[in-house]
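The next block holds one structure in the form of structure tokens; read it before the comments.
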Amino acid sequence: MSLIRIIIGSTRPQRFGPQVANWLNEIARERAGVHQGKDQVTFEILDLAEVNLPLFDEPIPPGMNQYQNDHTKAWSKTVAETDGFLIVAPEYNNSINAALKNALDYVFYEWHYKPVAFASYGSAAGGSRAVAHLRDVAGEMRMFDLREVVVISNYWNQLDGEGTFTPTEDQTTAATAMIDQLIFWTNEMKDSRERLAAGTGSQAVA
Ligand SMILES: Cc1cc2nc3c(=O)[nH]c(=O)nc-3n(C[C@H](O)[C@H](O)[C@H](O)COP(=O)(O)O)c2cc1C
């Protein structure tokens, strides 16, 4: 059984991110029911506002793997036990919002050889510039980013009088395709990580 976490990247009061995460989580739970046996997965929402990490404050860079703070050790455990990630990303000034980048920077090996998919939102570009930058960061952390993506442009046009988001059919189709890919690659890459840990993977990547 693999664990996929849906990360809510924004942390500010009255953020839109949780609505996207909840919508994706509903689809994810339904798709998880379709993938049985060896392909079984569970999904959980991981809210960075609840994790509440301070600005990065470790004296030794994460690549040295010598954490000193309890909040880093707890975050390390959370990331390490997760097999795949779906990041719900806002776009701040054409890029990644600070809270999300901070959370990514906190640890290093814990992200390695794990798939990551993105759902973004914003104005006309729908957060796609944040996703482009996130793909750069993911590569450095040896994560495998999926091509399938959900981009929600001018999301405020899809809110009702109460501020509730209703996805379009196209967005739901894109989300379903992305989640199916994420489930498949999460399980495949879990096997690969187990081979590496057992020393039966290629020496070139050990
Ligand atoms: C600091 C800041 C910078 C922003 N910059 C952009 C931007 O570059 N592109 C964009 O599409 N939207 C931008 N926006 C608008 C956001 O898309 C919108 O506020 C969105 O709701 C932010 O996500 P959140 O509500 O989950 O925090 C920005 C918002 C903030 C708060």
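Simple scheme: letters A, B, ... for chains in structure tokens order, numbers from 1 for residues in each chain, numbers from 1 for ligands in the order shown.
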Each residue of chain A with at least one atom at most 8 Å from ligand 1 should appear once, together with its nearest atom pair and the corresponding distance in Å (one decimal); atoms considered: only C-alpha atoms and all ligand atoms; ordering: chain, then increasing residue number; output as a tab-separated table.
residue	atom	partner	partner_atom_place_in_ligand_line	distance
A:Gly9	CA	ligand 1	26 (O)	7.3
A:Ser10	CA	ligand 1	26 (O)	4.8
A:Thr11	CA	ligand 1	27 (O)	6.5
A:Arg12	CA	ligand 1	27 (O)	5.7
A:Pro13	CA	ligand 1	27 (O)	7.8
A:Gln14	CA	ligand 1	25 (O)	6.5
A:Arg15	CA	ligand 1	25 (O)	3.3
A:Phe16	CA	ligand 1	25 (O)	3.9
A:Gly17	CA	ligand 1	26 (O)	4.0
A:Pro18	CA	ligand 1	26 (O)	7.3
A:Ala89	CA	ligand 1	26 (O)	7.3
A:Pro90	CA	ligand 1	23 (O)	4.4
A:Glu91	CA	ligand 1	9 (N)	4.9
A:Tyr92	CA	ligand 1	5 (N)	3.4
A:Asn93	CA	ligand 1	8 (O)	3.2
A:Asn94	CA	ligand 1	8 (O)	3.7
A:Ser95	CA	ligand 1	8 (O)	6.4
A:Asn97	CA	ligand 1	1 (C)	7.6
A:Tyr121	CA	ligand 1	17 (O)	6.2
A:Gly122	CA	ligand 1	17 (O)	3.3
A:Ser123	CA	ligand 1	11 (O)	3.7
A:Ala124	CA	ligand 1	11 (O)	6.1
A:Ala125	CA	ligand 1	11 (O)	5.8
A:Gly126	CA	ligand 1	11 (O)	5.7
A:Gly127	CA	ligand 1	11 (O)	5.3
A:Arg129	CA	ligand 1	9 (N)	7.9
A:Ser153	CA	ligand 1	11 (O)	7.7
A:Asn154	CA	ligand 1	11 (O)	7.7
#### Entry: Distance query range 26-35 of chain A at most 12 Å, only C-alpha atoms, self and fewer than 6 positions along chain excluded, as number ranges by chain
A: 1-6, 19-20, 41-45, 85-86, 167, 171-184, 186-187
### Message
Give me, as a VMD selection string, the residues of range 19-120 of chain A that a backbone DSSP run labels helix (DSSP H, G or I).
### Response
chain A and resid 19 to 34 37 to 39 48 to 51 62 to 64 70 to 80 98 to 106 109 to 111
Given the selection you just returned, output its residues as a file containing N, CA and C atoms, formatted as a CSV table (one decimal), in the first residue's frame.
chain,number,residue,atom,x,y,z
A,19,GLN,N,-9.7,24.4,-1.4
A,19,GLN,CA,-10.8,24.0,-2.2
A,19,GLN,C,-10.3,23.1,-3.4
A,20,VAL,N,-9.2,23.5,-3.9
A,20,VAL,CA,-8.6,22.6,-5.0
A,20,VAL,C,-8.2,21.3,-4.4
A,21,ALA,N,-7.6,21.3,-3.2
A,21,ALA,CA,-7.1,20.0,-2.6
A,21,ALA,C,-8.3,19.1,-2.3
A,22,ASN,N,-9.4,19.7,-1.8
A,22,ASN,CA,-10.5,18.9,-1.4
A,22,ASN,C,-11.2,18.3,-2.7
A,23,TRP,N,-11.3,19.1,-3.7
A,23,TRP,CA,-11.8,18.5,-5.0
A,23,TRP,C,-10.9,17.4,-5.5
A,24,LEU,N,-9.6,17.6,-5.6
A,24,LEU,CA,-8.7,16.5,-6.1
A,24,LEU,C,-8.8,15.3,-5.2
A,25,ASN,N,-8.9,15.5,-3.9
A,25,ASN,CA,-9.0,14.4,-2.9
A,25,ASN,C,-10.2,13.5,-3.2
A,26,GLU,N,-11.3,14.2,-3.6
A,26,GLU,CA,-12.5,13.4,-3.9
A,26,GLU,C,-12.3,12.5,-5.1
A,27,ILE,N,-11.7,13.1,-6.2
A,27,ILE,CA,-11.4,12.3,-7.4
A,27,ILE,C,-10.4,11.2,-7.0
A,28,ALA,N,-9.4,11.6,-6.2
A,28,ALA,CA,-8.3,10.6,-5.9
A,28,ALA,C,-8.9,9.4,-5.1
A,29,ARG,N,-9.8,9.6,-4.2
A,29,ARG,CA,-10.4,8.5,-3.5
A,29,ARG,C,-11.2,7.6,-4.4
A,30,GLU,N,-11.8,8.2,-5.3
A,30,GLU,CA,-12.6,7.4,-6.3
A,30,GLU,C,-11.7,6.6,-7.2
A,31,ARG,N,-10.6,7.2,-7.7
A,31,ARG,CA,-9.6,6.5,-8.5
A,31,ARG,C,-8.9,5.4,-7.7
A,32,ALA,N,-8.6,5.7,-6.4
A,32,ALA,CA,-7.9,4.7,-5.6
A,32,ALA,C,-8.7,3.5,-5.5
A,33,GLY,N,-10.0,3.6,-5.5
A,33,GLY,CA,-10.9,2.5,-5.4
A,33,GLY,C,-10.8,1.6,-6.7
A,34,VAL,N,-10.4,2.2,-7.8
A,34,VAL,CA,-10.3,1.4,-9.0
A,34,VAL,C,-9.0,0.6,-9.1
A,37,GLY,N,-5.3,-4.4,-5.4
A,37,GLY,CA,-4.2,-5.4,-5.3
A,37,GLY,C,-2.9,-4.6,-5.1
A,38,LYS,N,-1.9,-5.0,-5.9
A,38,LYS,CA,-0.6,-4.4,-5.8
A,38,LYS,C,-0.6,-2.9,-6.0
A,39,ASP,N,-1.6,-2.4,-6.8
A,39,ASP,CA,-1.7,-1.0,-7.1
A,39,ASP,C,-2.4,-0.1,-6.1
A,48,LEU,N,0.2,22.7,4.6
A,48,LEU,CA,1.4,23.4,5.1
A,48,LEU,C,1.1,24.4,6.2
A,49,ALA,N,-0.2,24.9,6.2
A,49,ALA,CA,-0.5,25.9,7.3
A,49,ALA,C,-0.6,25.1,8.6
A,50,GLU,N,-1.0,23.9,8.6
A,50,GLU,CA,-1.0,23.1,9.8
A,50,GLU,C,0.4,22.6,10.2
A,51,VAL,N,1.2,22.3,9.2
A,51,VAL,CA,2.6,21.9,9.5
A,51,VAL,C,3.4,23.1,10.2
A,62,PRO,N,20.4,20.5,4.4
A,62,PRO,CA,19.7,19.2,4.4
A,62,PRO,C,20.5,18.0,3.8
A,63,GLY,N,21.3,18.4,2.8
A,63,GLY,CA,22.0,17.3,2.1
A,63,GLY,C,23.0,16.6,3.0
A,64,MET,N,23.3,17.2,4.2
A,64,MET,CA,24.2,16.5,5.1
A,64,MET,C,23.4,15.6,6.1
A,70,ASP,N,13.4,19.8,16.2
A,70,ASP,CA,12.3,18.8,16.3
A,70,ASP,C,11.3,19.0,15.1
A,71,HIS,N,11.0,20.3,14.7
A,71,HIS,CA,10.1,20.5,13.6
A,71,HIS,C,10.7,19.9,12.3
A,72,THR,N,12.0,19.9,12.2
A,72,THR,CA,12.6,19.4,11.0
A,72,THR,C,12.5,17.9,11.0
A,73,LYS,N,12.8,17.3,12.2
A,73,LYS,CA,12.7,15.8,12.3
A,73,LYS,C,11.3,15.3,12.0
A,74,ALA,N,10.3,16.1,12.5
A,74,ALA,CA,8.9,15.7,12.2
A,74,ALA,C,8.6,15.8,10.7
A,75,TRP,N,9.0,16.9,10.1
A,75,TRP,CA,8.8,17.1,8.7
A,75,TRP,C,9.5,16.0,7.8
A,76,SER,N,10.7,15.7,8.3
A,76,SER,CA,11.5,14.7,7.6
A,76,SER,C,10.7,13.3,7.6
A,77,LYS,N,10.2,13.0,8.7
A,77,LYS,CA,9.4,11.7,8.8
A,77,LYS,C,8.2,11.8,7.9
A,78,THR,N,7.5,12.9,7.9
A,78,THR,CA,6.3,13.0,7.1
A,78,THR,C,6.6,12.8,5.6
A,79,VAL,N,7.7,13.5,5.2
A,79,VAL,CA,8.0,13.4,3.7
A,79,VAL,C,8.5,12.0,3.4
A,80,ALA,N,9.4,11.4,4.3
A,80,ALA,CA,10.0,10.1,4.1
A,80,ALA,C,8.9,9.0,4.0
A,98,ALA,N,6.4,31.4,-1.1
A,98,ALA,CA,7.5,31.2,-0.2
A,98,ALA,C,7.3,30.0,0.8
A,99,ALA,N,6.1,29.9,1.3
A,99,ALA,CA,5.8,28.8,2.3
A,99,ALA,C,6.1,27.4,1.6
A,100,LEU,N,5.7,27.3,0.4
A,100,LEU,CA,5.9,26.0,-0.3
A,100,LEU,C,7.4,25.8,-0.6
A,101,LYS,N,8.1,26.8,-1.1
A,101,LYS,CA,9.5,26.6,-1.4
A,101,LYS,C,10.3,26.3,-0.1
A,102,ASN,N,9.9,27.0,1.0
A,102,ASN,CA,10.5,26.7,2.3
A,102,ASN,C,10.3,25.3,2.7
A,103,ALA,N,9.1,24.8,2.6
A,103,ALA,CA,8.9,23.4,3.0
A,103,ALA,C,9.7,22.4,2.1
A,104,LEU,N,9.8,22.7,0.8
A,104,LEU,CA,10.6,21.8,-0.1
A,104,LEU,C,12.0,21.9,0.3
A,105,ASP,N,12.6,23.0,0.7
A,105,ASP,CA,14.0,23.2,1.0
A,105,ASP,C,14.4,22.5,2.3
A,106,TYR,N,13.4,22.3,3.2
A,106,TYR,CA,13.8,21.8,4.5
A,106,TYR,C,14.5,20.5,4.6
A,109,TYR,N,16.9,14.2,0.9
A,109,TYR,CA,16.8,12.8,0.5
A,109,TYR,C,15.4,12.3,0.6
A,110,GLU,N,14.6,12.8,1.5
A,110,GLU,CA,13.3,12.3,1.7
A,110,GLU,C,12.4,12.5,0.5
A,111,TRP,N,12.8,13.4,-0.4
A,111,TRP,CA,12.0,13.6,-1.7
A,111,TRP,C,12.5,12.7,-2.8
### For Val131 in chain A, the nearest of the candidates A:Thr164, A:Val151, A:Leu55, A:Phe144, counting only C-alpha atoms
A:Val151
### Message
Run DSSP on the backbone and tell me which residues of range 10-203 of chain A come out as strand (DSSP E or B); list them as a VMD selection string.
### Response
chain A and resid 41 to 47 84 to 90 92 95 115 to 122 144 to 153 159 165
Residues from last step as file, C-alpha atoms, as a PDB file, in the first residue's frame:
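Final output, saved to result13.pdb:
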ATOM      1  CA  VAL A  41      -2.912   3.543  -2.673  1.00  0.00           C
ATOM      2  CA  THR A  42      -4.273   5.871  -0.039  1.00  0.00           C
ATOM      3  CA  PHE A  43      -4.497   9.654  -0.334  1.00  0.00           C
ATOM      4  CA  GLU A  44      -4.214  12.213   2.436  1.00  0.00           C
ATOM      5  CA  ILE A  45      -4.290  15.987   2.470  1.00  0.00           C
ATOM      6  CA  LEU A  46      -1.216  17.655   3.956  1.00  0.00           C
ATOM      7  CA  ASP A  47      -1.780  21.304   4.797  1.00  0.00           C
ATOM      8  CA  GLY A  84       4.067  10.262  -4.026  1.00  0.00           C
ATOM      9  CA  PHE A  85       2.999  13.903  -3.983  1.00  0.00           C
ATOM     10  CA  LEU A  86       0.342  16.046  -5.563  1.00  0.00           C
ATOM     11  CA  ILE A  87       1.238  19.676  -4.975  1.00  0.00           C
ATOM     12  CA  VAL A  88      -1.538  22.269  -5.067  1.00  0.00           C
ATOM     13  CA  ALA A  89       0.309  25.439  -6.002  1.00  0.00           C
ATOM     14  CA  PRO A  90      -0.655  29.093  -6.139  1.00  0.00           C
ATOM     15  CA  TYR A  92       2.993  34.454  -6.357  1.00  0.00           C
ATOM     16  CA  SER A  95       6.770  31.908  -9.190  1.00  0.00           C
ATOM     17  CA  PRO A 115       6.790  11.131  -8.367  1.00  0.00           C
ATOM     18  CA  VAL A 116       5.169  14.540  -8.104  1.00  0.00           C
ATOM     19  CA  ALA A 117       2.192  16.027  -9.919  1.00  0.00           C
ATOM     20  CA  PHE A 118       0.975  19.620  -9.851  1.00  0.00           C
ATOM     21  CA  ALA A 119      -2.353  21.419  -9.777  1.00  0.00           C
ATOM     22  CA  SER A 120      -2.032  25.192 -10.008  1.00  0.00           C
ATOM     23  CA  TYR A 121      -4.310  28.192 -10.096  1.00  0.00           C
ATOM     24  CA  GLY A 122      -4.102  31.935 -10.542  1.00  0.00           C
ATOM     25  CA  PHE A 144      10.016  12.682 -11.100  1.00  0.00           C
ATOM     26  CA  ASP A 145       7.508  15.248 -12.261  1.00  0.00           C
ATOM     27  CA  LEU A 146       4.513  14.104 -14.265  1.00  0.00           C
ATOM     28  CA  ARG A 147       3.548  15.758 -17.518  1.00  0.00           C
ATOM     29  CA  GLU A 148      -0.160  15.639 -16.668  1.00  0.00           C
ATOM     30  CA  VAL A 149      -1.159  18.826 -14.898  1.00  0.00           C
ATOM     31  CA  VAL A 150      -4.242  20.739 -13.786  1.00  0.00           C
ATOM     32  CA  VAL A 151      -4.176  24.480 -14.518  1.00  0.00           C
ATOM     33  CA  ILE A 152      -7.042  26.647 -13.277  1.00  0.00           C
ATOM     34  CA  SER A 153      -7.036  30.099 -14.890  1.00  0.00           C
ATOM     35  CA  LEU A 159     -16.868  30.621  -7.672  1.00  0.00           C
ATOM     36  CA  PHE A 165     -15.539  26.444  -6.545  1.00  0.00           C
TER      37      PHE A 165
END
### Message
Restricting the calculation to only C-alpha atoms: of A:Arg135, A:Gly161, A:Tyr113, A:Asn52, which residue gets closest to Arg195 in chain A?
### Response
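Ranked by minimum distance to Arg195 in chain A, first place goes to A:Tyr113.
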